[in-house]
file model_32.txt (compact mmCIF, C-alpha atoms)
# COMPACT_ATOMS: atom_id res chain seq x y z
CA MET E 153 22.84 24.90 11.07
CA ASN E 154 25.99 24.61 9.01
CA ARG E 155 26.03 23.73 5.30
CA ARG E 156 27.23 20.15 5.80
CA ASP E 157 24.48 19.35 8.33
CA PHE E 158 21.89 21.01 6.10
CA ASN E 159 22.97 18.90 3.09
CA ALA E 160 22.93 15.75 5.23
CA LEU E 161 19.40 16.60 6.39
CA LEU E 162 18.25 17.06 2.79
CA ALA E 163 19.90 13.81 1.71
CA GLY E 164 18.13 11.96 4.50
CA LEU E 165 14.84 13.25 3.09
CA GLY E 166 15.75 12.16 -0.44
CA LEU E 167 16.42 15.74 -1.57
CA THR E 168 19.37 17.65 -2.99
CA PHE E 169 20.17 21.37 -3.11
CA GLY E 170 21.42 23.00 -6.27
CA GLU E 171 21.02 26.21 -8.23
CA GLY E 172 19.22 27.77 -5.26
CA LYS E 173 16.44 25.15 -5.31
CA ILE E 174 15.65 21.92 -3.48
CA HIS E 175 15.17 18.88 -5.75
CA HIS E 176 14.38 15.17 -5.34
CA ALA E 177 17.51 13.04 -5.49
CA SER E 178 17.64 11.26 -8.82
CA ALA E 179 19.64 8.35 -10.07
CA THR E 180 22.49 8.71 -12.49
CA THR E 181 24.68 5.85 -13.58
CA SER E 182 28.07 5.62 -15.16
CA ARG E 183 27.50 2.01 -16.25
CA VAL E 184 24.71 -0.54 -16.40
CA ASP E 185 25.49 -4.27 -16.50
CA VAL E 186 22.83 -6.54 -18.01
CA PHE E 187 23.15 -10.33 -18.10
CA THR E 188 20.90 -13.38 -18.21
CA LEU E 189 21.30 -16.42 -15.96
CA ARG E 190 20.20 -19.89 -17.02
CA ALA E 191 18.88 -22.51 -14.62
CA ASN E 192 21.69 -23.78 -12.41
CA ASP E 193 21.23 -27.07 -10.55
CA TRP E 194 18.32 -26.42 -8.12
CA VAL E 195 18.25 -22.64 -8.71
CA PRO E 196 15.74 -21.77 -11.45
CA ASN E 197 17.02 -18.24 -12.21
CA ASN E 198 15.00 -16.52 -14.93
CA PRO E 199 16.19 -17.18 -18.49
CA GLU E 200 13.61 -14.76 -19.94
CA LEU E 201 14.47 -11.71 -17.80
CA PRO E 202 18.03 -10.43 -17.28
CA VAL E 203 19.63 -9.18 -14.10
CA ILE E 204 20.31 -5.43 -14.25
CA VAL E 205 23.07 -3.82 -12.15
CA TYR E 206 23.25 -0.03 -12.08
CA ARG E 207 26.71 1.19 -11.09
CA ASN E 208 27.10 4.44 -9.11
CA ALA E 209 23.36 5.13 -9.34
CA LEU E 210 23.16 7.18 -6.14
CA GLU E 211 25.52 8.74 -3.65
CA ALA E 212 26.65 6.23 -1.03
CA GLY E 213 27.37 6.61 2.63
CA PRO E 214 26.03 6.12 6.14
CA ASP E 215 22.41 7.13 6.72
CA ARG E 216 21.58 7.25 2.98
CA GLU E 217 18.86 4.56 3.12
CA ALA E 218 16.00 7.07 2.87
CA VAL E 219 17.36 8.36 -0.46
CA TYR E 220 17.12 4.85 -1.95
CA GLU E 221 13.69 4.30 -0.42
CA ASP E 222 12.46 7.59 -1.87
CA LEU E 223 13.79 6.72 -5.35
CA PHE E 224 12.19 3.27 -5.31
CA SER E 225 8.88 4.65 -3.98
CA ARG E 226 8.72 7.40 -6.62
CA ASN E 227 9.26 4.75 -9.30
CA GLY E 228 6.51 2.46 -8.01
CA TRP E 229 8.57 -0.13 -6.08
CA PRO E 230 7.58 0.21 -2.40
CA PRO E 231 10.54 -0.49 -0.08
CA GLN E 232 9.95 -3.37 2.35
CA TRP E 233 13.14 -3.84 4.35
CA ARG E 234 16.66 -2.69 5.31
CA ASN E 235 19.26 -5.35 6.06
CA GLY E 236 21.88 -7.22 4.00
CA VAL E 237 21.99 -10.24 1.71
CA TYR E 238 21.82 -13.68 3.30
CA PRO E 239 25.08 -15.72 3.27
CA PHE E 240 23.36 -18.73 1.69
CA HIS E 241 22.01 -19.39 -1.80
CA HIS E 242 18.31 -18.55 -2.12
CA TYR E 243 15.77 -17.06 -4.52
CA HIS E 244 12.25 -15.65 -4.46
CA SER E 245 9.06 -16.77 -6.21
CA LEU E 246 6.69 -14.08 -4.93
CA GLY E 247 8.27 -11.05 -6.57
CA HIS E 248 10.94 -9.36 -8.62
CA GLU E 249 13.42 -7.62 -6.31
CA VAL E 250 15.51 -4.47 -6.34
CA LEU E 251 18.46 -4.25 -3.96
CA GLY E 252 19.86 -0.79 -3.24
CA PHE E 253 23.37 -0.91 -1.79
CA SER E 254 23.53 2.32 0.19
CA ASN E 255 26.80 1.73 2.01
CA GLY E 256 29.75 -0.64 2.22
CA SER E 257 30.68 -3.36 -0.24
CA ALA E 258 30.16 -7.07 -0.83
CA ARG E 259 30.91 -9.99 -3.13
CA LEU E 260 27.66 -11.60 -4.21
CA MET E 261 27.15 -14.80 -6.14
CA LEU E 262 24.21 -14.51 -8.50
CA GLY E 263 22.64 -17.55 -10.15
CA GLY E 264 23.29 -20.23 -7.54
CA PRO E 265 26.39 -22.24 -6.55
CA ASN E 266 29.43 -21.70 -8.78
CA ALA E 267 27.61 -19.15 -10.93
CA ARG E 268 28.46 -15.45 -11.42
CA THR E 269 30.35 -13.43 -8.80
CA VAL E 270 29.49 -9.73 -8.73
CA GLU E 271 31.21 -7.05 -6.67
CA VAL E 272 28.85 -4.36 -5.39
CA ARG E 273 29.49 -1.21 -3.39
CA GLY E 274 27.57 1.68 -1.97
CA GLY E 275 25.80 3.51 -4.78
CA ASP E 276 25.08 0.39 -6.85
CA ILE E 277 21.58 -1.01 -7.37
CA ALA E 278 20.66 -4.50 -8.64
CA VAL E 279 17.34 -5.64 -10.10
CA LEU E 280 16.83 -9.39 -9.76
CA PRO E 281 14.00 -11.06 -11.64
CA ALA E 282 12.03 -13.62 -9.62
CA GLY E 283 13.86 -16.96 -9.45
CA THR E 284 17.35 -15.39 -9.48
CA GLY E 285 19.66 -17.04 -6.96
CA HIS E 286 21.73 -14.78 -4.75
CA CYS E 287 24.17 -15.25 -1.87
CA ASN E 288 26.51 -12.98 0.09
CA LEU E 289 30.05 -14.39 -0.20
CA GLY E 290 31.47 -11.70 2.06
CA SER E 291 30.83 -8.08 2.97
CA ASP E 292 32.27 -5.37 5.14
CA THR E 293 30.58 -4.25 8.35
CA GLU E 294 29.11 -1.14 6.68
CA PHE E 295 27.24 -3.13 4.00
CA THR E 296 23.62 -1.91 3.97
CA VAL E 297 20.86 -2.99 1.58
CA ILE E 298 17.38 -1.65 0.92
CA GLY E 299 14.96 -4.18 -0.60
CA ALA E 300 11.87 -3.26 -2.63
CA TYR E 301 9.35 -5.01 -4.88
CA PRO E 302 6.70 -3.98 -7.41
CA PRO E 303 3.20 -3.37 -6.02
CA ASN E 304 1.45 -6.51 -4.74
CA GLN E 305 4.70 -8.49 -4.82
CA SER E 306 6.83 -9.60 -1.90
CA PHE E 307 9.46 -12.20 -1.06
CA ASP E 308 9.83 -15.72 0.20
CA ILE E 309 13.09 -17.50 0.97
CA LEU E 310 13.49 -20.61 -1.20
CA ARG E 311 16.53 -22.86 -0.78
CA ALA E 312 15.53 -25.88 -2.87
CA ALA E 313 14.32 -26.56 -6.40
CA PRO E 314 10.95 -24.90 -7.03
CA THR E 315 7.74 -26.88 -6.91
CA ALA E 316 5.52 -26.76 -9.99
CA GLU E 317 3.43 -24.09 -8.25
CA GLN E 318 6.48 -21.95 -7.38
CA SER E 319 7.84 -22.28 -10.91
CA ALA E 320 4.51 -21.22 -12.42
CA ARG E 321 4.40 -18.26 -10.03
CA ILE E 322 7.93 -17.13 -11.04
CA HIS E 323 7.04 -17.17 -14.74
CA GLY E 324 3.55 -15.71 -14.24
CA LEU E 325 4.48 -12.62 -12.21
CA PRO E 326 3.34 -9.40 -13.87
CA PHE E 327 5.94 -7.17 -15.45
CA PRO E 328 6.68 -4.06 -13.38
CA LYS E 329 5.25 -0.88 -14.93
CA THR E 330 8.39 1.11 -14.19
CA ASP E 331 12.11 0.72 -13.69
CA PRO E 332 12.86 1.15 -9.94
CA VAL E 333 15.86 3.34 -10.73
CA GLN E 334 15.07 5.21 -13.95
CA GLY E 335 11.26 5.25 -14.06
CA ALA E 336 8.99 4.56 -17.03
CA ALA E 337 11.66 4.85 -19.74
CA GLY E 338 14.47 3.04 -17.91
CA VAL E 339 16.65 0.08 -18.82
CA LEU E 340 14.13 -2.36 -17.32
CA ALA E 341 11.44 -1.20 -19.76
CA ARG E 342 13.76 -2.06 -22.68
CA GLU E 343 15.20 -5.29 -21.29
CA TRP E 344 12.08 -6.77 -19.68
CA HIS E 345 9.52 -5.93 -22.36
CA PRO E 346 6.70 -8.49 -22.50
CA SER E 347 7.09 -10.84 -25.47

call {"tool": "encode", "arguments": {"input": "model_32.txt", "output": "structure tokens"}}
result
Amino acid sequence: MNRRDFNALLAGLGLTFGEGKIHHASATTSRVDVFTLRANDWVPNNPELPVIVYRNALEAGPDREAVYEDLFSRNGWPPQWRNGVYPFHHYHSLGHEVLGFSNGSARLMLGGPNARTVEVRGGDIAVLPAGTGHCNLGSDTEFTVIGAYPPNQSFDILRAAPTAEQSARIHGLPFPKTDPVQGAAGVLAREWHPS
């Protein structure tokens, strides 16, 4: 097996090779964007918990999904799906969500109609608190997303103002114990601390 194929095999297992040893792939970021979204028309967003976008957190490319899944799993956010982001405004009331963009690029609108446009590309990772509106405004054919949630949380697809029950669920969800990208001492621990 040649070196390139060997490295690709390791990457597919969520591992890297360096200094003569095999290691778990770990996230490094050159920039982290943190911003809060207020309620917007029918989209509740989450004014208490900010959106966190990690830029260049992992190496991007085809067949890199397992690396993202391994990172999320090791940090206590079990992966639940591989797909994209829906091209319509929606949010979730059953869980906080991490989206790992393993390949391609997209323009997303976060916060509901006419809210904040965010460009994402392979290697970026976004943490969306429950209630955060999101919509794919356009992506290339390579755009691939891995979705994960804290333990005992999942997703629903809501496209209208929340009911009283859904609103209470959004604001009553437990805080994750770890950051899905950086672990126990990550940005999420600082930004989402219980008040």

call {"tool": "residues_around", "arguments": {"input": "model_32.txt", "residues": "E:Arg321", "least_positions_apart": "6", "cutoff": "12 Å", "atoms": "all atoms listed in the file", "output": "MDAnalysis selection string"}}
result
chainID E and resid 196 198 244:248 282:283 305 307:308 314:315

call {"tool": "axis_aligned_box", "arguments": {"input": "model_32.txt", "around": "stretch 299-315 of chain E", "padding_each_side": "6 Å", "output": "AutoDock Vina command-line options"}}
result
--center_x 9.0 --center_y -15.1 --center_z -3.2 --size_x 27.1 --size_y 35.6 --size_z 20.4

call {"tool": "atom_distance", "arguments": {"input": "model_32.txt", "atom1": "atom CA of E:Asp222", "atom2": "atom CA of E:Glu271"}}
result
24.3 Å

call {"tool": "residues_near_point", "arguments": {"input": "model_32.txt", "point": "(12.9, -4.2, -11.4)", "cutoff": "12 Å", "atoms": "all atoms listed in the file", "output": "number ranges by chain"}}
result
E: 201-206, 224, 227-230, 247-252, 277-282, 299-303, 305, 325-336, 338-345

call {"tool": "write_last_selection", "arguments": {"input": "model_32.txt", "atoms": "C-alpha atoms", "output": "short mmCIF file (atom, residue, chain, number, x, y, z; two decimals), keeping the file's coordinate frame"}}
result
data_model
loop_
_atom_site.label_atom_id
_atom_site.label_comp_id
_atom_site.auth_asym_id
_atom_site.auth_seq_id
_atom_site.Cartn_x
_atom_site.Cartn_y
_atom_site.Cartn_z
CA LEU E 201 14.47 -11.71 -17.80
CA PRO E 202 18.03 -10.43 -17.28
CA VAL E 203 19.63 -9.18 -14.10
CA ILE E 204 20.31 -5.43 -14.25
CA VAL E 205 23.07 -3.82 -12.15
CA TYR E 206 23.25 -0.03 -12.08
CA PHE E 224 12.19 3.27 -5.31
CA ASN E 227 9.26 4.75 -9.30
CA GLY E 228 6.51 2.46 -8.01
CA TRP E 229 8.57 -0.13 -6.08
CA PRO E 230 7.58 0.21 -2.40
CA GLY E 247 8.27 -11.05 -6.57
CA HIS E 248 10.94 -9.36 -8.62
CA GLU E 249 13.42 -7.62 -6.31
CA VAL E 250 15.51 -4.47 -6.34
CA LEU E 251 18.46 -4.25 -3.96
CA GLY E 252 19.86 -0.79 -3.24
CA ILE E 277 21.58 -1.01 -7.37
CA ALA E 278 20.66 -4.50 -8.64
CA VAL E 279 17.34 -5.64 -10.10
CA LEU E 280 16.83 -9.39 -9.76
CA PRO E 281 14.00 -11.06 -11.64
CA ALA E 282 12.03 -13.62 -9.62
CA GLY E 299 14.96 -4.18 -0.60
CA ALA E 300 11.87 -3.26 -2.63
CA TYR E 301 9.35 -5.01 -4.88
CA PRO E 302 6.70 -3.98 -7.41
CA PRO E 303 3.20 -3.37 -6.02
CA GLN E 305 4.70 -8.49 -4.82
CA LEU E 325 4.48 -12.62 -12.21
CA PRO E 326 3.34 -9.40 -13.87
CA PHE E 327 5.94 -7.17 -15.45
CA PRO E 328 6.68 -4.06 -13.38
CA LYS E 329 5.25 -0.88 -14.93
CA THR E 330 8.39 1.11 -14.19
CA ASP E 331 12.11 0.72 -13.69
CA PRO E 332 12.86 1.15 -9.94
CA VAL E 333 15.86 3.34 -10.73
CA GLN E 334 15.07 5.21 -13.95
CA GLY E 335 11.26 5.25 -14.06
CA ALA E 336 8.99 4.56 -17.03
CA GLY E 338 14.47 3.04 -17.91
CA VAL E 339 16.65 0.08 -18.82
CA LEU E 340 14.13 -2.36 -17.32
CA ALA E 341 11.44 -1.20 -19.76
CA ARG E 342 13.76 -2.06 -22.68
CA GLU E 343 15.20 -5.29 -21.29
CA TRP E 344 12.08 -6.77 -19.68
CA HIS E 345 9.52 -5.93 -22.36
#

call {"tool": "residues_around", "arguments": {"input": "model_32.txt", "residues": "E:Pro199", "least_positions_apart": "4", "cutoff": "8 Å", "atoms": "only C-alpha atoms", "output": "list in words"}}
result
Thr188, Leu189, Arg190 and Ala191 of chain E
